[in-house]
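Colleague: Below: one structure in structure tokens.
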Amino acid sequence: YELPRDPNFDGIWDYQWCTEMLPQETYFSRDGSTDMFWPFVENMTGIRRHCNVTFGVEPRETWIAREFGELDGATNIVFSNGLFDPWSSGGVVHNISESAVAVIIPEGAHHLDLFFSDPRDPPSVISARRTELNHIRSWISAPRLPAYV
């Protein structure tokens with residue numbers, strides 16, 4: 001694996017980001033004072049050039065919204081956001097519906113709620129896991145529509 005030469009582009013997730021435009025901290029505008037990154041202004045011209053030169057692809061800026069219809073019709077999803085996770089700023093922080101819910105974890109880090117439990121887990125992580133399990137159990141036990149053949 002070759003490390004990226006340009007510090008503004010992250011080679012690890014680059015191809016996926018170029019083709020799907022998933023949230024990626026190396027492509028967000030940053031000011032360097034309200035975040036942990038060096039100042040950087042998002043530049044779609046430079047990003048397009050990078051994706052085309054590196055992978056021969058054009059970024060699909062609206063792909064994720066078109067592919068998944070934004071959040072219209074989303075069901076049976078728990079969007080957990082640990083507030084110690086820099087990604088939480090791009091997370092879903094409000095319930096979308098009764099079965100597409102946001103769980104905010106003030107003392108959580110990046111997917112800490114998905115790790116094995118530990119006696120040192122903060123109370124908000126323990127509560128989030130309980131909430132997630134309750135939702136999953138309710139989805140599993142809900143009556144299902146008959147499958148059409």
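Just so we're on the same page: first chain in the structure tokens is A, next is B, and so on; residues restart at 1 for each chain, and ligands are numbered from 1 in the order they show up.
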Can you list, as an MDAnalysis selection string, every residue of chain A that DSSP puts in helix (DSSP H, G or I)?
Modeller: chainID A and resid 14:20 25:27 44:55 63:68 86:90 112:114 123:141
Colleague: Would you kindly return, as a PyMOL selection string, each protein, DNA or RNA residue with an atom no farther than 12 Å from any atom of Asp85 of chain A, considering only C-alpha atoms and excluding same-chain residues fewer than 5 positions away?
Modeller: chain A and resi 25+35-36+80+90-91+104-113
Colleague: Selection from above, N, CA, C and O atoms, as a PDB file, in the first residue's frame, can you write it?
Modeller:
```
ATOM      1  N   GLU A  25     -13.796  12.885   6.440  1.00  0.00           N
ATOM      2  CA  GLU A  25     -13.289  14.093   7.081  1.00  0.00           C
ATOM      3  C   GLU A  25     -12.233  14.800   6.250  1.00  0.00           C
ATOM      4  O   GLU A  25     -12.076  16.000   6.331  1.00  0.00           O
ATOM      5  N   ASP A  35     -12.363  22.194  15.040  1.00  0.00           N
ATOM      6  CA  ASP A  35     -12.162  20.773  14.773  1.00  0.00           C
ATOM      7  C   ASP A  35     -10.684  20.455  14.997  1.00  0.00           C
ATOM      8  O   ASP A  35      -9.903  21.330  15.343  1.00  0.00           O
ATOM      9  N   MET A  36     -10.314  19.200  14.794  1.00  0.00           N
ATOM     10  CA  MET A  36      -8.937  18.785  15.082  1.00  0.00           C
ATOM     11  C   MET A  36      -8.048  18.773  13.836  1.00  0.00           C
ATOM     12  O   MET A  36      -6.921  18.301  13.877  1.00  0.00           O
ATOM     13  N   SER A  80     -26.632   5.396  15.699  1.00  0.00           N
ATOM     14  CA  SER A  80     -25.973   5.743  16.968  1.00  0.00           C
ATOM     15  C   SER A  80     -24.844   6.729  16.694  1.00  0.00           C
ATOM     16  O   SER A  80     -24.107   6.599  15.723  1.00  0.00           O
ATOM     17  N   GLY A  90     -21.702  14.504  11.193  1.00  0.00           N
ATOM     18  CA  GLY A  90     -22.431  14.188   9.976  1.00  0.00           C
ATOM     19  C   GLY A  90     -23.486  13.126  10.186  1.00  0.00           C
ATOM     20  O   GLY A  90     -24.044  12.609   9.225  1.00  0.00           O
ATOM     21  N   GLY A  91     -23.763  12.793  11.436  1.00  0.00           N
ATOM     22  CA  GLY A  91     -24.685  11.705  11.741  1.00  0.00           C
ATOM     23  C   GLY A  91     -26.140  12.133  11.803  1.00  0.00           C
ATOM     24  O   GLY A  91     -26.461  13.322  11.816  1.00  0.00           O
ATOM     25  N   ILE A 104     -28.151   9.172  20.763  1.00  0.00           N
ATOM     26  CA  ILE A 104     -26.998  10.034  21.025  1.00  0.00           C
ATOM     27  C   ILE A 104     -26.274   9.495  22.254  1.00  0.00           C
ATOM     28  O   ILE A 104     -26.894   9.241  23.285  1.00  0.00           O
ATOM     29  N   ILE A 105     -24.961   9.339  22.125  1.00  0.00           N
ATOM     30  CA  ILE A 105     -24.150   8.771  23.206  1.00  0.00           C
ATOM     31  C   ILE A 105     -23.102   9.818  23.610  1.00  0.00           C
ATOM     32  O   ILE A 105     -22.027   9.898  23.007  1.00  0.00           O
ATOM     33  N   PRO A 106     -23.416  10.645  24.610  1.00  0.00           N
ATOM     34  CA  PRO A 106     -22.501  11.729  24.981  1.00  0.00           C
ATOM     35  C   PRO A 106     -21.080  11.257  25.290  1.00  0.00           C
ATOM     36  O   PRO A 106     -20.121  11.950  24.960  1.00  0.00           O
ATOM     37  N   GLU A 107     -20.946  10.092  25.907  1.00  0.00           N
ATOM     38  CA  GLU A 107     -19.607   9.608  26.288  1.00  0.00           C
ATOM     39  C   GLU A 107     -19.104   8.541  25.321  1.00  0.00           C
ATOM     40  O   GLU A 107     -18.209   7.781  25.650  1.00  0.00           O
ATOM     41  N   GLY A 108     -19.652   8.497  24.126  1.00  0.00           N
ATOM     42  CA  GLY A 108     -19.296   7.448  23.170  1.00  0.00           C
ATOM     43  C   GLY A 108     -18.279   7.917  22.158  1.00  0.00           C
ATOM     44  O   GLY A 108     -18.191   9.091  21.826  1.00  0.00           O
ATOM     45  N   ALA A 109     -17.516   6.959  21.665  1.00  0.00           N
ATOM     46  CA  ALA A 109     -16.560   7.197  20.594  1.00  0.00           C
ATOM     47  C   ALA A 109     -17.046   6.455  19.355  1.00  0.00           C
ATOM     48  O   ALA A 109     -18.171   5.961  19.324  1.00  0.00           O
ATOM     49  N   HIS A 110     -16.198   6.348  18.359  1.00  0.00           N
ATOM     50  CA  HIS A 110     -16.567   5.723  17.086  1.00  0.00           C
ATOM     51  C   HIS A 110     -16.984   4.273  17.298  1.00  0.00           C
ATOM     52  O   HIS A 110     -16.190   3.446  17.680  1.00  0.00           O
ATOM     53  N   HIS A 111     -18.241   3.978  17.092  1.00  0.00           N
ATOM     54  CA  HIS A 111     -18.920   2.691  17.267  1.00  0.00           C
ATOM     55  C   HIS A 111     -18.565   1.961  18.570  1.00  0.00           C
ATOM     56  O   HIS A 111     -18.539   0.741  18.625  1.00  0.00           O
ATOM     57  N   LEU A 112     -18.336   2.701  19.650  1.00  0.00           N
ATOM     58  CA  LEU A 112     -18.069   2.105  20.957  1.00  0.00           C
ATOM     59  C   LEU A 112     -19.226   1.223  21.411  1.00  0.00           C
ATOM     60  O   LEU A 112     -19.031   0.175  22.024  1.00  0.00           O
ATOM     61  N   ASP A 113     -20.447   1.620  21.061  1.00  0.00           N
ATOM     62  CA  ASP A 113     -21.619   0.841  21.452  1.00  0.00           C
ATOM     63  C   ASP A 113     -21.657  -0.531  20.783  1.00  0.00           C
ATOM     64  O   ASP A 113     -22.360  -1.432  21.240  1.00  0.00           O
TER      65      ASP A 113
END
```
Colleague: Using only C-alpha atoms, which of the listed residues (A:Ala100, A:Ala147, A:Ala142, A:Ser89) sits closest to Thr34 of chain A?
Modeller: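 Of A:Ala100, A:Ala147, A:Ala142, A:Ser89, the one nearest Thr34 of chain A, counting only C-alpha atoms, is A:Ser89.
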Colleague: Run DSSP on the backbone and give me the residues of chain A it puts in strand (DSSP E or B), as an NGL selection string.
Modeller: :A and (30 or 40 or 77-82 or 100-105)
Colleague: Keeping only C-alpha atoms, write the selected residues as a PDB file, in the first residue's frame.
Modeller:
```
ATOM      1  CA  ARG A  30     -12.467  22.554   8.089  1.00  0.00           C
ATOM      2  CA  PHE A  40      -9.028  23.246   4.513  1.00  0.00           C
ATOM      3  CA  ILE A  77     -32.367   1.457  11.694  1.00  0.00           C
ATOM      4  CA  VAL A  78     -30.634   2.706  14.827  1.00  0.00           C
ATOM      5  CA  PHE A  79     -28.377   5.645  14.023  1.00  0.00           C
ATOM      6  CA  SER A  80     -25.973   5.743  16.968  1.00  0.00           C
ATOM      7  CA  ASN A  81     -23.740   8.767  17.413  1.00  0.00           C
ATOM      8  CA  GLY A  82     -20.949   8.849  19.964  1.00  0.00           C
ATOM      9  CA  ALA A 100     -35.545   4.663  12.326  1.00  0.00           C
ATOM     10  CA  VAL A 101     -34.212   6.208  15.509  1.00  0.00           C
ATOM     11  CA  ALA A 102     -31.245   8.295  16.584  1.00  0.00           C
ATOM     12  CA  VAL A 103     -29.361   7.357  19.740  1.00  0.00           C
ATOM     13  CA  ILE A 104     -26.998  10.034  21.025  1.00  0.00           C
ATOM     14  CA  ILE A 105     -24.150   8.771  23.206  1.00  0.00           C
TER      15      ILE A 105
END
```
Colleague: Got a sec: who's within 10 Å of Asp72 of chain A, counting only C-alpha atoms, leaving out chain neighbours fewer than 6 positions off, as a list in words?
Modeller: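 Non-adjacent residues within range: Ala65, Ile96 and Ser97 of chain A.
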Colleague: Hey, can you spit out that residue selection with all heavy atoms as a short mmCIF file (atom, residue, chain, number, x, y, z; two decimals), in the first residue's frame?
Modeller:
```cif
data_model
loop_
_atom_site.label_atom_id
_atom_site.label_comp_id
_atom_site.auth_asym_id
_atom_site.auth_seq_id
_atom_site.Cartn_x
_atom_site.Cartn_y
_atom_site.Cartn_z
N ALA A 65 -27.85 9.87 -1.97
CA ALA A 65 -29.25 10.31 -1.81
C ALA A 65 -30.14 9.67 -2.87
O ALA A 65 -31.25 9.24 -2.57
CB ALA A 65 -29.32 11.83 -1.90
N ILE A 96 -36.15 9.56 12.66
CA ILE A 96 -36.75 9.72 11.35
C ILE A 96 -38.18 9.19 11.39
O ILE A 96 -39.07 9.74 10.76
CB ILE A 96 -35.94 8.94 10.28
CG1 ILE A 96 -34.46 9.36 10.29
CG2 ILE A 96 -36.55 9.08 8.90
CD1 ILE A 96 -34.22 10.82 10.09
N SER A 97 -38.38 8.12 12.12
CA SER A 97 -39.69 7.50 12.28
C SER A 97 -39.65 6.68 13.57
O SER A 97 -38.64 6.69 14.28
CB SER A 97 -40.02 6.61 11.08
OG SER A 97 -39.16 5.48 11.08
#
```
Colleague: Just want the 6 Å neighbourhood of segment 12-23 of chain A, counted on only C-alpha atoms, with same-chain residues fewer than 3 positions away dropped. Output as a list in words.
Modeller: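 Skipping anything fewer than 3 positions along the chain leaves Cys51, Pro59, Arg60, Glu61 and Trp63 of chain A.
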Colleague: Near Arg48 of chain A, counting only C-alpha atoms, which residues have an atom at most 9 Å away, once you skip same-chain residues fewer than 3 positions from it, shown as JSON, numbers by chain?
Modeller: {"A": [18, 43, 44, 45, 51, 52, 53, 57, 58, 59]}
Colleague: For the selection you just gave me, I'd like the residues written to a file as a JSON list (two decimals), in the first residue's frame, keeping C-alpha atoms.
Modeller:
```json
[["chain", "number", "residue", "atom", "x", "y", "z"],
["A", 18, "CYS", "CA", -14.80, 9.15, -5.21],
["A", 43, "ASN", "CA", -12.77, 22.24, -3.45],
["A", 44, "MET", "CA", -14.90, 20.09, -5.78],
["A", 45, "THR", "CA", -12.76, 21.08, -8.78],
["A", 51, "CYS", "CA", -10.67, 11.23, -8.57],
["A", 52, "ASN", "CA", -10.27, 11.37, -12.35],
["A", 53, "VAL", "CA", -6.46, 11.26, -12.34],
["A", 57, "VAL", "CA", -13.84, 8.17, -12.23],
["A", 58, "GLU", "CA", -16.03, 11.22, -11.77],
["A", 59, "PRO", "CA", -17.39, 11.81, -8.25]]
```
Colleague: Work out how far apart atom CA of Ile136 of chain A and atom CA of Glu98 of chain A are and give it in Å to one decimal.
Modeller: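 About the pair atom CA of Ile136 of chain A and atom CA of Glu98 of chain A: they are 12.2 Å apart.
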Colleague: Write out as a ChimeraX atom specification which residues come within 12 Å of Ser117 of chain A when counting only C-alpha atoms, dropping same-chain ones fewer than 3 positions away.
Modeller: /A:112-114,120-123,125-130
Colleague: Could you please determine the separation between atom CA of Gly73 of chain A and atom CA of Asn95 of chain A in Å, to one decimal place?
Modeller: 12.6 Å
Colleague: So how far away is atom CA of Leu83 of chain A from atom CA of Ser99 of chain A, in Å?
Modeller: 21.9 Å
